[in-house]
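Structure file data08.cif; described as mmCIF, C-alpha atoms.
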data_coords
#
loop_
_atom_site.label_atom_id
_atom_site.label_comp_id
_atom_site.auth_asym_id
_atom_site.auth_seq_id
_atom_site.Cartn_x
_atom_site.Cartn_y
_atom_site.Cartn_z
CA MET A 56 -51.53 56.83 132.62
CA ASP A 57 -48.12 58.51 132.28
CA GLN A 58 -47.68 60.29 128.91
CA GLY A 59 -49.59 57.62 127.02
CA ARG A 60 -47.76 54.70 128.63
CA LEU A 61 -50.29 51.94 129.27
CA ARG A 62 -50.14 50.04 132.53
CA VAL A 63 -51.03 46.42 131.77
CA LEU A 64 -52.16 43.54 133.98
CA VAL A 65 -51.86 40.08 132.38
CA VAL A 66 -54.09 37.28 133.67
CA ASP A 67 -53.16 33.94 132.08
CA ASP A 68 -52.48 30.49 133.50
CA ASP A 69 -49.94 29.64 130.79
CA PRO A 70 -46.43 30.61 131.99
CA THR A 71 -45.20 30.65 128.40
CA VAL A 72 -47.78 33.27 127.47
CA ARG A 73 -46.97 35.37 130.51
CA ARG A 74 -43.27 35.18 129.76
CA ALA A 75 -43.85 36.17 126.13
CA CYS A 76 -45.94 39.15 127.24
CA ARG A 77 -43.33 40.11 129.80
CA ASP A 78 -40.48 39.96 127.31
CA PHE A 79 -42.32 41.81 124.57
CA LEU A 80 -43.75 44.56 126.75
CA ALA A 81 -40.34 45.14 128.32
CA GLU A 82 -39.10 46.28 124.92
CA ARG A 83 -41.85 48.86 124.46
CA THR A 84 -41.84 52.47 125.60
CA ASP A 85 -45.62 52.90 125.34
CA VAL A 86 -46.68 50.03 127.61
CA GLU A 87 -45.64 48.73 131.01
CA LEU A 88 -46.41 45.36 132.59
CA VAL A 89 -47.38 46.28 136.14
CA ALA A 90 -48.62 42.86 137.29
CA GLU A 91 -49.23 39.30 136.13
CA VAL A 92 -51.23 36.52 137.77
CA ALA A 93 -51.83 32.89 136.88
CA ASP A 94 -55.57 32.54 137.47
CA GLY A 95 -58.79 34.49 137.41
CA ASP A 96 -59.33 34.27 141.15
CA LEU A 97 -56.19 36.38 141.64
CA ALA A 98 -57.25 39.12 139.23
CA GLU A 99 -59.30 41.21 141.67
CA GLU A 100 -56.51 41.55 144.22
CA ALA A 101 -53.96 42.26 141.49
CA TYR A 102 -56.19 44.91 139.95
CA GLU A 103 -56.76 46.63 143.29
CA ARG A 104 -53.03 46.64 143.98
CA ALA A 105 -51.74 47.68 140.55
CA ARG A 106 -54.68 49.75 139.19
CA PRO A 107 -53.76 49.05 135.56
CA ASP A 108 -55.11 50.94 132.58
CA VAL A 109 -56.00 47.70 130.82
CA VAL A 110 -56.26 43.99 131.67
CA LEU A 111 -55.30 41.32 129.15
CA MET A 112 -57.48 38.41 130.22
CA ASP A 113 -57.23 34.75 129.20
CA LEU A 114 -60.63 33.08 129.29
CA GLN A 115 -59.93 29.45 130.16
CA MET A 116 -58.28 29.05 133.54
CA VAL A 117 -58.55 26.41 136.23
CA ARG A 118 -59.95 28.00 139.39
CA MET A 119 -61.87 30.95 137.94
CA SER A 120 -62.54 31.50 134.26
CA GLY A 121 -61.60 34.74 132.57
CA ILE A 122 -65.27 35.39 131.91
CA GLU A 123 -66.12 35.26 135.61
CA ALA A 124 -63.01 37.27 136.51
CA THR A 125 -64.02 39.92 133.96
CA ARG A 126 -67.49 40.05 135.50
CA VAL A 127 -65.99 40.50 138.98
CA LEU A 128 -63.65 43.30 137.88
CA CYS A 129 -66.29 45.18 135.88
CA ARG A 130 -68.84 44.91 138.66
CA ARG A 131 -66.46 46.37 141.23
CA TRP A 132 -64.77 48.84 138.87
CA PRO A 133 -67.33 49.76 136.16
CA ARG A 134 -64.68 51.70 134.22
CA ALA A 135 -62.23 48.79 134.16
CA CYS A 136 -60.90 48.07 130.69
CA VAL A 137 -60.60 44.32 130.08
CA VAL A 138 -59.53 42.80 126.77
CA ALA A 139 -60.24 39.08 126.46
CA MET A 140 -57.74 37.04 124.50
CA THR A 141 -58.00 33.32 123.84
CA THR A 142 -57.45 30.64 121.24
CA PHE A 143 -61.23 30.15 121.05
CA ALA A 144 -63.61 32.35 119.07
CA SER A 145 -66.73 30.26 119.60
CA ARG A 146 -70.02 32.08 119.84
CA ASP A 147 -70.47 31.14 123.51
CA HIS A 148 -67.05 32.46 124.49
CA VAL A 149 -67.40 35.68 122.50
CA VAL A 150 -70.83 36.67 123.75
CA ALA A 151 -70.21 35.63 127.36
CA ALA A 152 -66.98 37.65 127.56
CA LEU A 153 -68.49 40.79 126.05
CA ARG A 154 -71.60 40.52 128.20
CA ALA A 155 -69.38 40.16 131.27
CA GLY A 156 -67.99 43.59 130.45
CA ALA A 157 -64.96 42.99 128.25
CA SER A 158 -63.98 46.03 126.17
CA GLY A 159 -62.67 43.85 123.36
CA TYR A 160 -62.05 40.27 122.33
CA LEU A 161 -59.00 39.06 120.44
CA VAL A 162 -57.97 35.67 119.14
CA LYS A 163 -54.46 34.60 120.11
CA GLY A 164 -51.94 34.70 117.29
CA LEU A 165 -51.72 38.46 116.88
CA SER A 166 -48.29 39.94 116.44
CA GLY A 167 -46.90 41.98 119.35
CA PRO A 168 -47.51 45.33 117.62
CA GLN A 169 -51.08 44.31 116.75
CA LEU A 170 -51.72 43.36 120.36
CA VAL A 171 -50.39 46.66 121.70
CA ALA A 172 -52.42 48.58 119.12
CA ALA A 173 -55.53 46.74 120.30
CA LEU A 174 -54.82 47.60 123.94
CA HIS A 175 -54.45 51.27 123.02
CA GLN A 176 -57.74 51.10 121.10
CA ALA A 177 -59.56 49.61 124.08
CA VAL A 178 -58.28 52.25 126.48
CA ALA A 179 -59.21 54.99 123.99
CA GLY A 180 -62.81 53.77 124.06
CA ASP A 181 -62.73 51.78 120.84
CA MET A 182 -63.77 48.13 120.79
CA PRO A 183 -61.03 45.91 119.32
CA LEU A 184 -62.61 42.80 117.84
CA SER A 185 -61.03 40.30 115.50
CA SER A 186 -63.18 39.87 112.36
CA VAL A 187 -64.21 36.33 113.34
CA VAL A 188 -65.24 37.63 116.77
CA ARG A 189 -67.37 40.42 115.27
CA ARG A 190 -69.04 37.88 113.00
CA GLU A 191 -69.94 35.62 115.94
CA LEU A 192 -71.28 38.54 117.97
CA VAL A 193 -73.46 39.80 115.15
CA SER A 194 -74.74 36.29 114.37
CA THR A 195 -75.73 35.74 117.99
CA VAL A 196 -77.52 39.07 118.33
CA VAL A 197 -79.45 38.44 115.12
CA ALA A 198 -80.36 34.91 116.22
CA GLU A 199 -81.58 36.13 119.61
CA SER A 200 -83.64 38.98 118.19
CA THR A 201 -87.32 38.09 117.89
CA PRO A 202 -89.74 39.23 115.19
CA ALA A 203 -91.78 40.93 117.90
CA GLN A 204 -89.00 43.48 118.44
CA PRO A 205 -89.96 46.70 116.67
CA ALA A 206 -87.57 47.83 113.97
CA ARG A 207 -88.38 51.45 114.82
CA SER A 208 -88.93 51.80 118.55
CA SER A 209 -89.43 55.02 120.46
CA THR A 210 -85.79 54.77 121.54
CA ASN A 211 -84.76 54.39 117.93
CA ARG A 212 -86.65 57.53 116.89
CA GLN A 213 -84.64 59.54 119.41
CA LEU A 214 -81.47 58.99 117.39
CA THR A 215 -80.61 61.64 114.83
CA ASP A 216 -79.49 60.76 111.31
CA ARG A 217 -75.98 61.69 112.32
CA GLU A 218 -76.10 59.30 115.28
CA VAL A 219 -77.42 56.51 113.08
CA GLU A 220 -74.48 57.09 110.75
CA LEU A 221 -72.14 56.88 113.73
CA VAL A 222 -73.49 53.56 115.01
CA ASN A 223 -73.19 52.04 111.55
CA TRP A 224 -69.52 52.95 111.40
CA ILE A 225 -69.08 51.44 114.87
CA ALA A 226 -70.82 48.27 113.72
CA HIS A 227 -68.41 48.05 110.82
CA GLY A 228 -65.51 48.00 113.25
CA LEU A 229 -64.09 51.48 112.72
CA THR A 230 -62.06 53.10 115.49
CA ASN A 231 -62.89 56.55 116.84
CA ARG A 232 -60.15 58.03 114.67
CA GLN A 233 -61.52 56.34 111.55
CA VAL A 234 -65.08 57.42 112.37
CA ALA A 235 -63.86 60.97 112.91
CA ALA A 236 -62.27 61.00 109.45
CA ARG A 237 -65.43 59.62 107.79
CA MET A 238 -67.73 62.08 109.55
CA ASN A 239 -65.42 65.13 109.50
CA LEU A 240 -65.34 65.32 113.28
CA SER A 241 -62.67 65.42 115.95
CA GLU A 242 -62.01 62.27 117.97
CA GLY A 243 -63.34 64.11 121.01
CA SER A 244 -66.62 64.80 119.22
CA VAL A 245 -66.90 61.13 118.25
CA LYS A 246 -66.52 60.13 121.90
CA GLN A 247 -69.26 62.60 122.82
CA TYR A 248 -71.52 61.14 120.13
CA VAL A 249 -70.89 57.61 121.40
CA ALA A 250 -71.66 58.66 124.99
CA ARG A 251 -74.87 60.38 123.87
CA VAL A 252 -76.01 57.36 121.84
CA ALA A 253 -75.20 55.03 124.74
CA ASP A 254 -77.32 57.17 127.03
CA LYS A 255 -80.25 57.14 124.60
CA LEU A 256 -80.04 53.38 124.16
CA ASP A 257 -79.57 52.75 127.88
CA ALA A 258 -76.26 51.06 127.07
CA SER A 259 -73.28 51.07 129.42
CA SER A 260 -70.60 50.10 126.91
CA ARG A 261 -69.67 50.30 123.25
CA THR A 262 -70.49 46.59 122.95
CA GLN A 263 -74.01 47.18 124.24
CA VAL A 264 -74.42 50.05 121.78
CA LEU A 265 -73.56 47.63 118.97
CA VAL A 266 -75.97 45.00 120.29
CA ARG A 267 -78.85 47.44 120.77
CA THR A 268 -78.46 49.05 117.34
CA ILE A 269 -78.56 45.64 115.67
CA GLN A 270 -81.63 44.67 117.69
CA LEU A 271 -83.37 47.92 116.75
CA GLY A 272 -82.70 47.45 113.06
CA LEU A 273 -80.37 50.44 112.79
CA VAL A 274 -77.59 48.36 111.26
CA ASP A 275 -77.79 46.42 108.00
CA VAL A 276 -76.39 43.10 109.22
CA SER A 277 -76.13 41.80 105.65
CA GLN A 278 -73.17 44.15 105.27
CA LEU A 279 -71.34 42.78 108.34
CA PRO A 280 -68.65 42.00 109.13
CA VAL A 281 -66.43 44.10 107.01
CA PRO A 282 -63.37 42.10 105.90
CA GLY A 283 -60.19 42.49 107.94
CA ASP A 284 -59.42 46.10 107.01
CA HIS A 285 -60.53 47.29 110.43
CA ASP A 286 -59.40 44.38 112.54
CA ALA A 287 -57.21 45.05 115.55
#
Take the structure in the file and write it out as structure tokens.
Amino acid sequence: MDQGRLRVLVVDDDPTVRRACRDFLAERTDVELVAEVADGDLAEEAYERARPDVVLMDLQMVRMSGIEATRVLCRRWPRACVVAMTTFASRDHVVAALRAGASGYLVKGLSGPQLVAALHQAVAGDMPLSSVVRRELVSTVVAESTPAQPARSSTNRQLTDREVELVNWIAHGLTNRQVAARMNLSEGSVKQYVARVADKLDASSRTQVLVRTIQLGLVDVSQLPVPGDHDA
């Protein structure tokens, strides 16, 4: 990434959407559209060629869905940053995209500046989620959790009070910068905390950290989601 300028790959089968992204990103100095393709089955080749910092991925496409394309990219490039964006925020779409490896999930209709801010958040290691998306994710995790799961597992006991505080702020949708301000830390320290918690929870992404902490009873789900103050 050149001086904070994000290199973006757009994968969307709607030419109007691609044109809108092209026109908007052309006016920005902090982002650059390096490639665009019209279906998920073209995403892997485009990613290999362009090596973008972030992929903006539509989910519903004809030949290969965005969910499958996300899975392909994240399997081959585990550090790939993919942000799903679609008109649908159904529980099935949300959970499938995040489990495939998406770093964030946005509902179409965001303004251009909001979209770019979300892309920057994803690349910085934050997890941009629209409030409705966070609600669906939390609801699904709670529904799938069984009473047999211990609220205080051996993994849970490995987390310090400070780490538990961190995961609660993450669950509430705060960015690394916002967490740093709440906990009187630097953003770098927050990233180190997140990496340490992920290692303890055997989680490979920020999304998995959120899921595991809810399953382990570390997060009070009755307090989620926080209203749109922290939305991307």
Among A:Ala139, A:Leu273, A:Val92, A:Ala157, Trp224 in chain A is approached most closely, using all atoms listed in the file, by A:Leu273
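Comparing the minimum interatomic distances between Val234 in chain A and each of A:Leu265, A:Val188, A:Asp181, A:Leu111, counting all atoms listed in the file, we find that A:Asp181 sits nearest.
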What lies within 9 Å of Ser145 in chain A using all atoms listed in the file, ignoring chain neighbours under 4 positions off, as a list in words? Val149, Val150, Val188 and Glu191 of chain A
Once the PyMOL selection byres ((chain A and resi 173) around 10) has been applied to the shown file, what residues remain in the selection, as a PyMOL selection string? chain A and resi 138+159-161+165+167-172+174-179+181-185+286-287
Please expand the PyMOL selection byres ((chain A and resi 261) around 8) into the concrete residues it hits in this file, giving the result as a PyMOL selection string. chain A and resi 158+180-182+249+253+258-260+262-265
Would you work out the distance separating CA of Val274 in chain A from CA of Val162 in chain A, expressed in Å to one decimal?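 Computing it gives 24.7 Å between the two atoms.
With all atoms listed in the file taken into account, the protein and nucleic acid residues at most 9 Å from range 69-82 of chain A (excluding it and anything under 2 positions from it in its own chain) are Val65, Val66, Asp67, Thr84, Asp85, Val86, Glu87, Leu88, Glu91, Val92, Ala93, Met116, Gly167 and Val171 of chain A.
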Where does the PyMOL selection byres ((chain A and resi 222) around 12) land in this file, that is, which residues does it pick, as a PyMOL selection string? chain A and resi 211+214-221+223-231+234+238+245-246+248-253+256+261-269+271-275
Which one is closest to Asp68 in chain A: A:Val117, A:Cys136, A:Cys129, A:Leu153? Count only C-alpha atoms.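 Of the candidates, the smallest distance to Asp68 in chain A is held by A:Val117.
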So, with all atoms listed in the file as the atoms that count, which of A:Leu240, A:Val110, A:Val137, A:Ala101 lies closest to Arg154 in chain A?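 For Arg154 in chain A, the nearest of the given residues is A:Val137.
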Which value, in Å to one decimal, gives the distance between CA of Val109 in chain A and CA of Ala235 in chain A?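 Spanning CA of Val109 in chain A to CA of Ala235 in chain A is a straight-line distance of 23.6 Å.
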CA of Gln115 in chain A and CA of Asp147 in chain A, how far apart in Å?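 For CA of Asp147 in chain A relative to CA of Gln115 in chain A, the distance reads 12.6 Å.
With all atoms listed in the file as the atoms that count, the residue of A:Ala98, A:Met112, A:Ala152, A:Val193 with the shortest distance to Arg131 in chain A is A:Ala98.
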Min atom-atom distance to Trp132 in chain A from the set A:Gly156, A:Ala151, A:Leu114, A:Ser241, counting only C-alpha atoms, belongs to A:Gly156
